[in-house]
Every structure is written in structure tokens, then in C-alpha cells.
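For reference, the structure discussed in these notes is given below.
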Amino acid sequence: MLQAVKAEETYHINRTFTPVEFNLQGTPTVDQLFTESMKLTDTVRGDPIVIDSNGTYAIEQQTAIALGYDTAEAAWNAVLNYQGTPSNYPGKIYDNVGWVRGTKSVQGEWGAYLWVFQNRIAFQSSTSVWWKASSNGVPVMITNVIVGSLGNYAPMSNVVDIGPHLNAATNNSPGANQSESREFYVDITNIFYQLSIPDIWITPKYAIRCVGGSNVQYSVAGTNIPNGVTWLLNPDGLTSGAVLQVSNDWHFAGVTPGNIAANYKIRATSVDNTNFYDEATFNVILAVDIDGDNDEDGDVDDDDDTGEETIPVIVAINDDTRELIVRKIGISSGGTLKINKTGVGKITLKKADNTTVLADGDSESIDILGDTGAADLVLALDGTEVGNVDLELKFISGDSFYSDKFKVKVVRSDIVQRSGNTYLAALIGEARTHSGIDWEKYVTDLYDTGIERLSLAAYESLADGGPDKKRLRLKKNMYMARRVWAKVYDNMDGQAYTLPTSANPWNLFTTSTNYITANCNELVNEQFRRAITEVRNGLTQPSQQAAFESAWYSGGSAKPLILGKHLVLFPGKSPMAGPTIFVMETALNYRSKCVGATTQFQNNYEGEILIFWYNTFTTTRYTAGSSCSICSTSYPDAPWYVVPFLELWDEAHHSTITPDSFIGSSSFEEITY
């Protein structure tokens, strides 16, 4: 009765635990490290639970047998009311606990029986509320202990668990002349801790002031820091005169520069766990005059300082907001301040009231001296034609001339689509089959040799099915969409890609449910998601971070920009779908331009085959026990009277990203080709 064979079913929770795997080869880049680190969770393997051997034992309820009843139900109720004496097995935890039950009719009389076997496990979930990293011994608070199949518990909880639960055995009758045997085992070896890891960030990360200048206001934000932070200035400023002002609200602090040039670190440390902190850099420098290049020799030196008639002319680009900022110069008359433009690219500059300062066809802006006399002038910058733009801010007053030069690059990162393999087009029911990223210099796409870069004209010349083509762009009215454009451009130029994880990554029949393999359309989509992640990581202002995540993120990562198209293919009398798929794979491997070009292509079908019963007279489908895990398609049970008319059929279900996935997306818009 107490067999040594391990059951296949667990109690109380049937769950598995999979370690995080990283796709790092050779020396990883910073981008690769960040991409892989996004897979990490706050869950680590914990120590074994502490078993109380005195309170742990197996419980066997003696067999209850009821005989001679008029009905099966009466016999079963008699078994449930039987109060037998249990047998305990001290210190034992068995892998085949459960029950055996049933009813039986013999010569018109009914009998029933029930035998149950359970584990009683008494244990402590953990011996501490802290987990320490083995590499550096830093303690981190445990918020939850995951104990195999038993459940989740608070740290240091004293638990008594009896299982499996008997509700499934006792809450309903097994039925007349029916029996049931269920066996379970308990997983108490997979122990994991969910941690509360503090995350702290200070804004601004870098600040600079002149000796005796104005103070700098800092703010701190973070997660898992319920009691706030402690602020620290290092060095402490006693000799330099720098002063740290701490607010009653721990979210804020200020630093006033002293009377000596020095470099400082501003640190915010978690009150709950002093091993976690963030630092910002604060540099106090001597005051410096910024002189104009009067003699226009490209060098600011003593030759420019004739009469010391120089003024600080400063212009900057805010990468977060795509704004051009002209700093206050304290002069509102007696000259002109304009922006000159050269280069093949085109831009526009507009004031906050939408007044145009520089149109895309202008080589020189209107005079903005009156706007910069008493305050900074913020101009909205928008690119209208791809290319480099050279800008020069010029102040002219009589014979005096001052300038500040800077550059802007207008980029493009459009999705271009064309027709391709005609057989594949018929399969997906779309005119276009191929997508790439047009980033001005080249089109990056997936073709014979894998990822390639070719001219737009060469890309278009490879169309098989006619002139049908489309151009799409990430919607520019979405938050910081232009920054995403620029990041896609930079990545394409630098050949920095997010690739599928398979050793043979390219597959015309890939599924959209994962990124193990990919087709050209899925590859394009993932490069935009990569750019979104990198733009988010470059933001420093909490308000911008929150707004960006609201627009682009879901569940802590860049949200899907497009959805896969679900295809139902090759319905017919079984076996139909499987052989047809084999023929399809063979045909496309033969007809595709990918054939033989690279071993990285593996045109293997990654969908599912759904088997069902088919009434050829009414064309009605009935279940044959399978369903589609992708679209959740399942069919009803067949009534008995249609069984003679049924044939066993099957069909292929497949979800994949196609060119039309971008057309229907809320993230992209079609523009003139």
C-alpha cells in the first residue's frame, strides 16, 4: 500500500521554475549587457526550508467499506460518515500520497470504499528576513518565500501543511460503478526568495556652478525605500564653504557652492539598507568669460579680445525635448542676433507661440536679440528633409562680430515594404511580403545572406510581384517619437541589432509568440523596440521617464508595437495539414531567394495542427480533443446522432508578423512613398 513509486502530479500548485538564460557571446557591449539585464527578476534561489521532524508525519486513513445499500449514493454517504482511526508514520514525507475511492453494485446491492493518504509537513519558511549576496555579502530584504508546489509564505513563517487537500475526493460522489485513484507528490526542494531590492536615482546627475554662484536643487526618487534616504556631501565642505541643505521632505536637498573650486559627490543612501545609494557629481569652478571668435579664425584667443568687447553667446540642444535653447545674453538692442543655416538637411525653428524663426527654406533666421535680452529663448526644432545641417548663431553690433557654431543632423528611419515571394504572398493573403528599414544611407533588411544593407533602388528591384509598395513611419505625435527615429538611425548606422536567440535565427514560418526565430517583418519590429528601450534609459528627468513609459512601455519593457496575424491554413481530411506543410516548406526552400545562401535560415513551421471531427453534410466542426493554444480555438462535443457522419480532419494554425501587421498598428502611419 505504501509504494515507493513517485507520483507524476504535484500538490497544491503545479508550477515549474526556469532559470534566466543570457545570450552573451564574447565580450558583450554595453547595449547587450543592458538588453540581457532586462531579463533579470528580483527572485533568487533560497535556502532549504527547516523541517520540524516532530511535527512532520504521513497520515493514512484506514480503509472504509460500506456494503448492502440500496443505492450508490447511500453507500458513498456511509463511507464519508465512517470515523476510522488514522495511522501515522512519524518523520515521513511520501511521494505517492492521495486517495482511492469508488462504488460497486453486486447482485442488486451497493457498496462503496475510500482510502486516503496525506503528508503533514511542519516547517519554517526561512531562518531570516534577509538574503545575502554570495559575491559581496550585501543583505537584501526578503518579501516572499516561494516553496515548491506548497505555496508562498512570508519569511520566517512557521507553517503546518496537510496535503493533498481532499475536497476533490470527498465533495462529490465518484458515480455509480465508478472508481478513481489519484496520486501526488510534494515539491519542497525548489525554494526561492522574492527580494525587495532598493533602486535610487538622483536628479540632476551632473551640475556645475561658479565659485560663489547659486545653489543646486536635487531630488531623489526610487523604489523599495519606504523610509526615504539620507543625504551626504563628500567632501563635507567645511574647508571650502559648500553647504548641504536637507529638506524636511527627504525627496529634496540643495547644495550651495563655496568659495573654493572643488569637485563633490552628492549621495542619497537608503535609510533601510545603507548598502544601496546613488551619487551625483557637483563641480564648483572659477568664473570664465566665454569670448566670441572675433577674427573668425576658428580659435578663441587673445587676438579676439581687442577692447575686451566680448559677450557670452551660448546655444544648446536639449536631446530630451528636441528644443534649441539660446541662453540669455543681457543685451536687447544695439545689434542683431540671428541663426544662419547651411547644409543639405532642412529644419524649422519656432517659438512657443508657433511664430517661425527659421523656415526650412531659409538660410538665415529673423533677429532674435530682443527675445534673449532678459531670458533664455526656447525654440522648437523640427527636421523636414534628411541631411546634415550646419548652424551658426551670430551677434553683430557695428564692427563687432561674435559667433557660436553647432551641428544638427536630420535623419530618417522609415519602414519600407515591397512585394516578394508570390507563393508566400498567396499563403498570407497579402500583396506585400517584405519589410526593411530605410535610414537614408541604406535599407537594412533580411535577405539571402541574412541581415544586409543595400540602396533603396536595389531593394525595390528585388520585388517579384509587381509595383505594390508602402512606406510607414512611427507616428511623430507620439511622445519623443523623434528620439526613437534618431536611435533607430544610429543603431542601423552602427549595425547594432537585437537578434533572435536561435543559432539559426531566420525563418519564413516563424511564430510571433516569441523571438527565438524571426522573419524580416519581426526583425524590423524588434529594432524599433530596442530603440525605445535605449531612449528610455537615456532619460534623466523622472517626469519624462514617467511620460515615456506611459506612451511606450507595458509591464516594465517596451510594449509590442504590432500584433501577429493569425492564419488558419490547409483544412482537410486528416492527415492534410502536416503533409501540406512539409510540401510548403520544401517549395519555399526551393523557390525562395534564401535557398542555399546561408545556413542561418531554417524554414521550419512553428505553428500548431488542430485535429477535429468534421460533418461533411452540415460543414460543422466538433472537438477531437485538441485546441489551439495561440487563438484558443476549440470546437464543441459531437452529439451521438451525428457520429456516423463524421470524418477526422485537421488544419494548421499559425500566428506570424506580416507587412499588414504594421498597417493596422496604432504606432505607425502610412506616408507618401
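Chain labels follow the order of the C-alpha cells: the first chain is A, the next B, and so on; residue numbering restarts at 1 in every chain, and ligands are counted from 1 in their shown order.
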TODO: Write down as a list of chain:residue names the residues of segment 480-580 of chain A whose backbone DSSP state falls under strand (DSSP E or B).
DONE: A:Trp506, A:Ala518, A:Tyr553, A:Ser554, A:Ser557, A:Ala558, A:Lys565, A:His566, A:Leu567, A:Val568, A:Leu569, A:Phe570, A:Pro571, A:Gly572, A:Lys573
Open item on the list: List the spatial neighbours of segment 639-648 of chain A as an MDAnalysis selection string - criterion: any atom at most 12 Å away, only C-alpha atoms, same-chain residues fewer than 3 positions off excluded.
Closed with: chainID A and resid 571:576 610:625 636 651
With DSSP run on the backbone, what are the alpha helix (DSSP H) residues within segment 57-298 of chain A? I'd like them as a JSON list (two decimals) with all heavy atoms, in the first residue's frame.
```json
[["chain", "number", "residue", "atom", "x", "y", "z"],
["A", 72, "ALA", "N", -26.07, 3.65, -4.86],
["A", 72, "ALA", "CA", -24.65, 4.01, -4.80],
["A", 72, "ALA", "C", -24.44, 5.23, -3.91],
["A", 72, "ALA", "O", -23.45, 5.33, -3.18],
["A", 72, "ALA", "CB", -24.13, 4.28, -6.22],
["A", 73, "GLU", "N", -25.36, 6.18, -3.98],
["A", 73, "GLU", "CA", -25.23, 7.42, -3.20],
["A", 73, "GLU", "C", -25.29, 7.11, -1.71],
["A", 73, "GLU", "O", -24.54, 7.68, -0.90],
["A", 73, "GLU", "CB", -26.33, 8.40, -3.60],
["A", 73, "GLU", "CG", -26.11, 9.83, -3.09],
["A", 73, "GLU", "CD", -24.93, 10.48, -3.76],
["A", 73, "GLU", "OE1", -24.58, 10.08, -4.90],
["A", 73, "GLU", "OE2", -24.35, 11.39, -3.14],
["A", 74, "ALA", "N", -26.21, 6.19, -1.30],
["A", 74, "ALA", "CA", -26.33, 5.84, 0.11],
["A", 74, "ALA", "C", -25.05, 5.16, 0.60],
["A", 74, "ALA", "O", -24.57, 5.42, 1.71],
["A", 74, "ALA", "CB", -27.54, 4.93, 0.33],
["A", 75, "ALA", "N", -24.49, 4.29, -0.22],
["A", 75, "ALA", "CA", -23.24, 3.62, 0.17],
["A", 75, "ALA", "C", -22.11, 4.64, 0.31],
["A", 75, "ALA", "O", -21.29, 4.57, 1.23],
["A", 75, "ALA", "CB", -22.89, 2.55, -0.86],
["A", 76, "TRP", "N", -22.04, 5.59, -0.63],
["A", 76, "TRP", "CA", -20.97, 6.60, -0.59],
["A", 76, "TRP", "C", -21.10, 7.49, 0.65],
["A", 76, "TRP", "O", -20.11, 7.81, 1.31],
["A", 76, "TRP", "CB", -21.00, 7.44, -1.87],
["A", 76, "TRP", "CG", -19.97, 8.55, -1.87],
["A", 76, "TRP", "CD1", -20.18, 9.86, -1.80],
["A", 76, "TRP", "CD2", -18.55, 8.37, -1.91],
["A", 76, "TRP", "NE1", -19.01, 10.55, -1.80],
["A", 76, "TRP", "CE2", -17.98, 9.63, -1.87],
["A", 76, "TRP", "CE3", -17.72, 7.26, -1.98],
["A", 76, "TRP", "CZ2", -16.61, 9.85, -1.89],
["A", 76, "TRP", "CZ3", -16.34, 7.46, -2.00],
["A", 76, "TRP", "CH2", -15.80, 8.73, -1.95],
["A", 77, "ASN", "N", -22.33, 7.89, 0.99],
["A", 77, "ASN", "CA", -22.53, 8.72, 2.19],
["A", 77, "ASN", "C", -22.12, 7.96, 3.45],
["A", 77, "ASN", "O", -21.60, 8.54, 4.41],
["A", 77, "ASN", "CB", -23.98, 9.17, 2.28],
["A", 77, "ASN", "CG", -24.33, 10.20, 1.23],
["A", 77, "ASN", "OD1", -23.45, 10.92, 0.75],
["A", 77, "ASN", "ND2", -25.59, 10.27, 0.84],
["A", 78, "ALA", "N", -22.35, 6.66, 3.47],
["A", 78, "ALA", "CA", -21.95, 5.86, 4.63],
["A", 78, "ALA", "C", -20.43, 5.84, 4.78],
["A", 78, "ALA", "O", -19.88, 5.91, 5.89],
["A", 78, "ALA", "CB", -22.49, 4.44, 4.49],
["A", 79, "VAL", "N", -19.74, 5.77, 3.65],
["A", 79, "VAL", "CA", -18.27, 5.80, 3.70],
["A", 79, "VAL", "C", -17.78, 7.13, 4.25],
["A", 79, "VAL", "O", -16.86, 7.20, 5.07],
["A", 79, "VAL", "CB", -17.69, 5.55, 2.29],
["A", 79, "VAL", "CG1", -16.23, 5.96, 2.22],
["A", 79, "VAL", "CG2", -17.84, 4.09, 1.91],
["A", 80, "LEU", "N", -18.41, 8.24, 3.81],
["A", 80, "LEU", "CA", -17.98, 9.56, 4.27],
["A", 80, "LEU", "C", -18.21, 9.73, 5.76],
["A", 80, "LEU", "O", -17.46, 10.46, 6.44],
["A", 80, "LEU", "CB", -18.72, 10.66, 3.50],
["A", 80, "LEU", "CG", -18.41, 10.76, 2.00],
["A", 80, "LEU", "CD1", -19.19, 11.92, 1.38],
["A", 80, "LEU", "CD2", -16.91, 10.97, 1.77],
["A", 81, "ASN", "N", -19.25, 9.08, 6.31],
["A", 81, "ASN", "CA", -19.57, 9.23, 7.73],
["A", 81, "ASN", "C", -18.75, 8.29, 8.63],
["A", 81, "ASN", "O", -18.84, 8.35, 9.85],
["A", 81, "ASN", "CB", -21.06, 8.97, 7.96],
["A", 81, "ASN", "CG", -21.91, 10.06, 7.33],
["A", 81, "ASN", "OD1", -21.50, 11.22, 7.28],
["A", 81, "ASN", "ND2", -23.09, 9.69, 6.84],
["A", 167, "ASN", "N", -10.77, 17.76, -0.92],
["A", 167, "ASN", "CA", -12.04, 18.24, -1.45],
["A", 167, "ASN", "C", -12.46, 17.48, -2.71],
["A", 167, "ASN", "O", -13.62, 17.12, -2.90],
["A", 167, "ASN", "CB", -11.95, 19.74, -1.76],
["A", 167, "ASN", "CG", -11.78, 20.57, -0.50],
["A", 167, "ASN", "OD1", -12.03, 20.08, 0.60],
["A", 167, "ASN", "ND2", -11.35, 21.80, -0.66],
["A", 168, "ALA", "N", -11.46, 17.24, -3.59],
["A", 168, "ALA", "CA", -11.79, 16.56, -4.85],
["A", 168, "ALA", "C", -12.20, 15.11, -4.62],
["A", 168, "ALA", "O", -12.85, 14.49, -5.46],
["A", 168, "ALA", "CB", -10.59, 16.61, -5.80],
["A", 169, "ALA", "N", -11.83, 14.56, -3.46],
["A", 169, "ALA", "CA", -12.17, 13.17, -3.16],
["A", 169, "ALA", "C", -13.49, 13.04, -2.41],
["A", 169, "ALA", "O", -14.18, 12.03, -2.53],
["A", 169, "ALA", "CB", -11.05, 12.52, -2.35],
["A", 170, "THR", "N", -13.84, 14.05, -1.61],
["A", 170, "THR", "CA", -15.00, 13.91, -0.71],
["A", 170, "THR", "C", -16.18, 14.80, -1.06],
["A", 170, "THR", "O", -17.28, 14.57, -0.56],
["A", 170, "THR", "CB", -14.56, 14.21, 0.73],
["A", 170, "THR", "OG1", -14.06, 15.55, 0.82],
["A", 170, "THR", "CG2", -13.47, 13.23, 1.18]]
```
Task: Pick from A:Leu454, A:Ile428, A:Met156, A:Ile663 nearest to Trp131 of chain A, counting only C-alpha atoms - done: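 Checking each of A:Leu454, A:Ile428, A:Met156, A:Ile663 against Trp131 of chain A, counting only C-alpha atoms, the winner is A:Met156.
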Neighbouring residues of segment 363-369 of chain A were defined as those with any atom within 8 Å, considering only C-alpha atoms; residues of the same chain fewer than 5 positions away were excluded. Please report them as a tab-separated table (two decimals) with all heavy atoms, in the first residue's frame.
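around25.tsv was written with the following content:
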```
chain	number	residue	atom	x	y	z
A	331	ILE	N	21.58	91.57	-23.47
A	331	ILE	CA	21.55	92.70	-24.39
A	331	ILE	C	20.29	92.57	-25.23
A	331	ILE	O	20.03	91.52	-25.81
A	331	ILE	CB	22.79	92.71	-25.31
A	331	ILE	CG1	24.07	92.82	-24.48
A	331	ILE	CG2	22.71	93.82	-26.34
A	331	ILE	CD1	25.33	92.69	-25.31
A	332	SER	N	19.51	93.64	-25.32
A	332	SER	CA	18.26	93.56	-26.08
A	332	SER	C	18.21	94.55	-27.24
A	332	SER	O	17.24	94.58	-27.98
A	332	SER	CB	17.07	93.83	-25.15
A	332	SER	OG	17.21	95.09	-24.53
A	333	SER	N	19.27	95.34	-27.42
A	333	SER	CA	19.30	96.29	-28.53
A	333	SER	C	20.76	96.62	-28.85
A	333	SER	O	21.67	96.22	-28.13
A	333	SER	CB	18.54	97.57	-28.18
A	333	SER	OG	19.14	98.22	-27.06
A	335	GLY	N	22.26	95.87	-31.85
A	335	GLY	CA	22.85	94.87	-32.73
A	335	GLY	C	21.79	93.89	-33.19
A	335	GLY	O	20.58	94.11	-33.01
A	336	THR	N	22.25	92.80	-33.79
A	336	THR	CA	21.33	91.73	-34.23
A	336	THR	C	21.88	90.38	-33.78
A	336	THR	O	23.09	90.18	-33.67
A	336	THR	CB	21.18	91.71	-35.76
A	336	THR	OG1	22.45	91.49	-36.37
A	336	THR	CG2	20.59	93.03	-36.26
A	337	LEU	N	20.96	89.45	-33.51
A	337	LEU	CA	21.32	88.08	-33.15
A	337	LEU	C	20.49	87.16	-34.06
A	337	LEU	O	19.26	87.11	-33.94
A	337	LEU	CB	21.02	87.80	-31.68
A	337	LEU	CG	21.44	86.43	-31.15
A	337	LEU	CD1	22.95	86.25	-31.22
A	337	LEU	CD2	20.96	86.23	-29.72
A	338	LYS	N	21.18	86.47	-34.96
A	338	LYS	CA	20.48	85.61	-35.93
A	338	LYS	C	21.15	84.24	-36.00
A	338	LYS	O	22.27	84.05	-35.55
A	338	LYS	CB	20.49	86.26	-37.32
A	338	LYS	CG	19.75	87.59	-37.39
A	338	LYS	CD	19.76	88.14	-38.81
A	338	LYS	CE	19.01	89.46	-38.89
A	338	LYS	NZ	18.97	90.01	-40.27
A	339	ILE	N	20.40	83.31	-36.59
A	339	ILE	CA	20.92	81.95	-36.79
A	339	ILE	C	21.02	81.71	-38.29
A	339	ILE	O	20.02	81.78	-39.01
A	339	ILE	CB	19.99	80.90	-36.15
A	339	ILE	CG1	19.90	81.12	-34.64
A	339	ILE	CG2	20.51	79.49	-36.44
A	339	ILE	CD1	18.91	80.22	-33.94
A	340	ASN	N	22.24	81.41	-38.75
A	340	ASN	CA	22.47	81.09	-40.16
A	340	ASN	C	22.47	79.57	-40.34
A	340	ASN	O	22.90	78.83	-39.46
A	340	ASN	CB	23.80	81.66	-40.65
A	340	ASN	CG	23.73	83.16	-40.87
A	340	ASN	OD1	22.87	83.82	-40.30
A	340	ASN	ND2	24.63	83.71	-41.66
A	341	LYS	N	22.01	79.14	-41.52
A	341	LYS	CA	21.88	77.71	-41.77
A	341	LYS	C	22.45	77.37	-43.14
A	341	LYS	O	22.15	78.03	-44.14
A	341	LYS	CB	20.41	77.28	-41.70
A	341	LYS	CG	20.15	75.82	-42.11
A	341	LYS	CD	18.72	75.40	-41.83
A	341	LYS	CE	17.72	76.11	-42.72
A	341	LYS	NZ	17.86	75.70	-44.14
A	342	THR	N	23.27	76.28	-43.19
A	342	THR	CA	23.75	75.72	-44.44
A	342	THR	C	23.66	74.19	-44.34
A	342	THR	O	23.44	73.65	-43.27
A	342	THR	CB	25.21	76.13	-44.73
A	342	THR	OG1	26.04	75.70	-43.64
A	342	THR	CG2	25.34	77.63	-44.91
A	357	VAL	N	10.81	81.22	-36.62
A	357	VAL	CA	12.08	81.95	-36.55
A	357	VAL	C	12.94	81.62	-37.76
A	357	VAL	O	13.61	82.48	-38.32
A	357	VAL	CB	12.82	81.60	-35.24
A	357	VAL	CG1	14.23	82.16	-35.24
A	357	VAL	CG2	12.04	82.12	-34.04
A	358	LEU	N	12.92	80.32	-38.15
A	358	LEU	CA	13.69	79.87	-39.31
A	358	LEU	C	12.86	78.85	-40.06
A	358	LEU	O	12.53	77.79	-39.53
A	358	LEU	CB	15.01	79.24	-38.85
A	358	LEU	CG	15.93	78.71	-39.94
A	358	LEU	CD1	16.59	79.87	-40.70
A	358	LEU	CD2	17.01	77.81	-39.35
```
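Within 9 Å of Trp99 of chain A, once only C-alpha atoms are used and residues closer than 6 positions along the same chain are dropped, the contacting residues are Leu114, Trp115, Val116, Phe117, Gln118, Leu166, Ala169, Glu180, Ser181, Arg182 and Glu183 of chain A.
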Open item on the list: Just the number, please: distance in Å from atom CA of Ser667 of chain A to atom CA of Leu40 of chain A, one decimal.
Closed with: 27.4 Å
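Using only C-alpha atoms for every distance, the candidate list A:Thr269, A:Asn190, A:Thr256, A:Asn88 yields A:Thr269 as the residue closest to Gly222 of chain A.
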Task: Neighbour list for Gln217 of chain A as an MDAnalysis selection string, cut-off 7 Å, only C-alpha atoms, skip fewer than 3 positions in-chain - done: chainID A and resid 253:255
Serialized selection, N, CA and C atoms, as a PDB file, in the first residue's frame:
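Result file out35.pdb:
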```pdb
ATOM      1  N   ALA A 253      16.922  68.087  -1.628  1.00  0.00           N
ATOM      2  CA  ALA A 253      18.062  68.668  -0.922  1.00  0.00           C
ATOM      3  C   ALA A 253      18.675  69.721  -1.839  1.00  0.00           C
ATOM      4  N   GLY A 254      19.461  70.621  -1.265  1.00  0.00           N
ATOM      5  CA  GLY A 254      20.130  71.654  -2.042  1.00  0.00           C
ATOM      6  C   GLY A 254      21.588  71.764  -1.627  1.00  0.00           C
ATOM      7  N   VAL A 255      22.426  72.220  -2.554  1.00  0.00           N
ATOM      8  CA  VAL A 255      23.840  72.434  -2.260  1.00  0.00           C
ATOM      9  C   VAL A 255      24.229  73.820  -2.743  1.00  0.00           C
TER      10      VAL A 255
END
```
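The interatomic distance for the pair atom CA of Gln62 of chain A and atom CA of Asn158 of chain A works out to 29.2 Å.
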Task: Nearest to Glu109 of chain A by atom-to-atom distance, counting only C-alpha atoms, from A:Thr71, A:Asn283, A:Ser128, A:Thr274 - done: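 Ranking A:Thr71, A:Asn283, A:Ser128, A:Thr274 by distance to Glu109 of chain A, first place goes to A:Thr71.
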Open item on the list: Measuring between only C-alpha atoms, which one of A:Thr517, A:Ser435, A:Ser247, A:Ser626 shows the shortest distance to Phe662 of chain A?
Closed with: A:Ser435
